[in-house]
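For reference, the structure is listed below as structure tokens.
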Amino acid sequence: NVHEVIRVANVLTDDNQFQLAPRRVTISTVAPNPQTFLTLAKAPAVLAWSVHASQDVLRKQLVPTTKSTMVELRQGLVEALKERPRRLRSIMLEVTLLGETNDNLEDADHLASFCEPILEQVLNTKLVINVIPWNDISASSGPAKEYRKPSLERVLAFQKRLVERGLRCYVRTTRGDDSEAACGQLATKRNKV
């Protein structure tokens, strides 16, 4: 559906339709292959990549649809960013932090090292890492049953390490988890009769 996504981005930014600035439209992808980035490079929108882990084995576990190595995906991203106009050479890397899974300092260091070639190879690029703490959905089956919300201390330490390594990093504020209404929680709750 990547071509439909590009079509929608064109409609949203068309001067005769919604008139949104391309910097105000974001397209997020898990990037199952490098070609995805090259195709999305044509869209008048900021690109976001749901990375979740920069190490191949862990990323394959977290994003089973991925078909390529992280180095191959990164190179596809670099080539795509080089094709884009300067004002759209932005990339947001999204990382859902899972307690005791991908939230340690070694993971942060690996991610920082993974980002360095992007910044070195693409002039005038703006790279931002969005850290998203996992919302505990209390799953009783499937892969999500193994995941836990990371502690605030680990989230902040992860962010601090990335910033120390020279990267822009923000932590997404969670809302609604105190009333079990946060992202991912509503669909997992059933009324007890």
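By order of appearance in the structure tokens: chains A, B, ..., then residues from 1 within every chain, and ligands from 1 in the order shown.
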### Test item, strand (DSSP E) assignment across region 70-165 of chain A, answer as number ranges by chain
A: 90-97, 126-133
Export of prior selection with all heavy atoms as a short mmCIF file (atom, residue, chain, number, x, y, z; two decimals), in the first residue's frame:
data_model
loop_
_atom_site.label_atom_id
_atom_site.label_comp_id
_atom_site.auth_asym_id
_atom_site.auth_seq_id
_atom_site.Cartn_x
_atom_site.Cartn_y
_atom_site.Cartn_z
N SER A 90 14.80 14.93 6.84
CA SER A 90 14.60 14.64 8.25
C SER A 90 14.21 13.18 8.39
O SER A 90 13.50 12.64 7.55
CB SER A 90 13.49 15.50 8.84
OG SER A 90 13.84 16.86 8.75
N ILE A 91 14.65 12.58 9.48
CA ILE A 91 14.26 11.22 9.77
C ILE A 91 14.02 11.10 11.27
O ILE A 91 14.82 11.59 12.06
CB ILE A 91 15.29 10.16 9.29
CG1 ILE A 91 14.81 8.74 9.58
CG2 ILE A 91 16.66 10.40 9.87
CD1 ILE A 91 13.64 8.27 8.79
N MET A 92 12.91 10.51 11.62
CA MET A 92 12.64 10.18 13.02
C MET A 92 12.80 8.68 13.18
O MET A 92 12.18 7.91 12.45
CB MET A 92 11.22 10.60 13.40
CG MET A 92 11.04 12.08 13.53
SD MET A 92 9.41 12.52 14.18
CE MET A 92 8.42 12.32 12.70
N LEU A 93 13.63 8.29 14.11
CA LEU A 93 13.77 6.88 14.45
C LEU A 93 12.95 6.63 15.70
O LEU A 93 13.15 7.30 16.72
CB LEU A 93 15.23 6.50 14.68
CG LEU A 93 16.19 6.73 13.51
CD1 LEU A 93 17.57 6.19 13.85
CD2 LEU A 93 15.67 6.10 12.24
N GLU A 94 12.04 5.70 15.61
CA GLU A 94 11.14 5.42 16.73
C GLU A 94 11.57 4.11 17.39
O GLU A 94 11.77 3.11 16.71
CB GLU A 94 9.70 5.33 16.23
CG GLU A 94 9.26 6.65 15.60
CD GLU A 94 7.98 6.56 14.81
OE1 GLU A 94 7.70 5.48 14.24
OE2 GLU A 94 7.27 7.56 14.76
N VAL A 95 11.70 4.17 18.71
CA VAL A 95 12.13 3.00 19.47
C VAL A 95 11.16 2.80 20.63
O VAL A 95 11.10 3.62 21.54
CB VAL A 95 13.57 3.17 20.02
CG1 VAL A 95 13.99 1.95 20.82
CG2 VAL A 95 14.55 3.45 18.90
N THR A 96 10.39 1.72 20.57
CA THR A 96 9.55 1.37 21.71
C THR A 96 10.44 0.65 22.70
O THR A 96 11.01 -0.40 22.39
CB THR A 96 8.38 0.46 21.27
OG1 THR A 96 7.58 1.18 20.34
CG2 THR A 96 7.54 0.06 22.46
N LEU A 97 10.60 1.24 23.88
CA LEU A 97 11.46 0.63 24.89
C LEU A 97 10.67 -0.40 25.69
O LEU A 97 9.60 -0.10 26.22
CB LEU A 97 12.01 1.68 25.85
CG LEU A 97 13.20 2.50 25.39
CD1 LEU A 97 13.79 3.29 26.55
CD2 LEU A 97 14.28 1.65 24.76
N LYS A 126 18.45 15.98 9.49
CA LYS A 126 18.02 16.15 10.89
C LYS A 126 17.53 14.79 11.35
O LYS A 126 16.55 14.26 10.83
CB LYS A 126 16.91 17.19 10.98
CG LYS A 126 16.36 17.38 12.38
CD LYS A 126 15.21 18.38 12.36
CE LYS A 126 14.52 18.41 13.70
NZ LYS A 126 13.31 19.23 13.66
N LEU A 127 18.22 14.21 12.32
CA LEU A 127 17.86 12.90 12.84
C LEU A 127 17.39 13.08 14.28
O LEU A 127 18.08 13.68 15.10
CB LEU A 127 19.07 11.97 12.79
CG LEU A 127 18.81 10.52 13.17
CD1 LEU A 127 19.68 9.60 12.33
CD2 LEU A 127 19.05 10.26 14.63
N VAL A 128 16.20 12.57 14.56
CA VAL A 128 15.62 12.64 15.89
C VAL A 128 15.21 11.23 16.30
O VAL A 128 14.63 10.49 15.51
CB VAL A 128 14.37 13.56 15.91
CG1 VAL A 128 13.68 13.52 17.27
CG2 VAL A 128 14.74 14.97 15.54
N ILE A 129 15.52 10.87 17.53
CA ILE A 129 15.10 9.58 18.06
C ILE A 129 13.96 9.81 19.03
O ILE A 129 14.08 10.60 19.97
CB ILE A 129 16.27 8.86 18.76
CG1 ILE A 129 17.38 8.60 17.75
CG2 ILE A 129 15.78 7.55 19.39
CD1 ILE A 129 18.65 8.06 18.34
N ASN A 130 12.85 9.15 18.78
CA ASN A 130 11.70 9.19 19.68
C ASN A 130 11.69 7.89 20.48
O ASN A 130 11.53 6.81 19.91
CB ASN A 130 10.38 9.31 18.90
CG ASN A 130 10.19 10.68 18.32
OD1 ASN A 130 10.55 11.67 18.93
ND2 ASN A 130 9.62 10.73 17.14
N VAL A 131 11.86 8.01 21.78
CA VAL A 131 11.80 6.86 22.67
C VAL A 131 10.39 6.77 23.21
O VAL A 131 9.85 7.75 23.74
CB VAL A 131 12.82 7.01 23.82
CG1 VAL A 131 12.66 5.91 24.84
CG2 VAL A 131 14.24 7.01 23.26
N ILE A 132 9.78 5.60 23.04
CA ILE A 132 8.39 5.41 23.41
C ILE A 132 8.33 4.28 24.44
O ILE A 132 8.51 3.10 24.09
CB ILE A 132 7.54 5.02 22.18
CG1 ILE A 132 7.75 6.06 21.07
CG2 ILE A 132 6.07 4.87 22.56
CD1 ILE A 132 7.32 5.59 19.69
N PRO A 133 8.12 4.60 25.71
CA PRO A 133 8.01 3.52 26.70
C PRO A 133 6.81 2.62 26.41
O PRO A 133 5.72 3.11 26.09
CB PRO A 133 7.83 4.27 28.03
CG PRO A 133 8.33 5.65 27.77
CD PRO A 133 8.04 5.92 26.31
#
### Query
Which residues, written as a PyMOL selection string, have at least one atom at most 6 Å from region 56-69 of chain A, with only C-alpha atoms counted and residues fewer than 3 positions away on the same chain left out?
chain A and resi 32-33+53+72
### Message
Quick one: residues within 12 Å of Ile27 (chain A), only C-alpha atoms, excluding same-chain residues fewer than 6 positions away - as a list of chain:residue names?
### Response
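Result of the neighbour search: A:Val2, A:Glu4, A:Val5, A:Ile6, A:Arg7, A:Val8, A:Ala9, A:Asn10, A:Leu12, A:Thr36, A:Phe37, A:Thr39, A:Leu40, A:Ala41, A:Lys42, A:Ala43, A:Pro44, A:Ala45, A:Val46, A:Leu47, A:Ala48, A:Trp49, A:Ser50, A:Leu88, A:Ser90, A:Ile91, A:Met92, A:Leu93, A:Glu94.
If only C-alpha atoms are the atoms counted, then among A:Leu98, A:Ile137, A:Val78, A:Ala112 the closest residue to Thr125 (chain A) is A:Val78.
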### Task
Rank A:Ser54, A:Cys169, A:Thr26, A:Leu73 by their smallest atom-to-atom distance to Glu106 (chain A), using only C-alpha atoms, and report the top residue only.
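Closest residue, counting only C-alpha atoms: A:Ser54.
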#### Entry: Pick from A:Leu167, A:Ala157, A:Val11, A:Val25, whichever lies nearest to Asn104 (chain A) using only C-alpha atoms
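That would be A:Ala157, the residue with the smallest distance to Asn104 (chain A).
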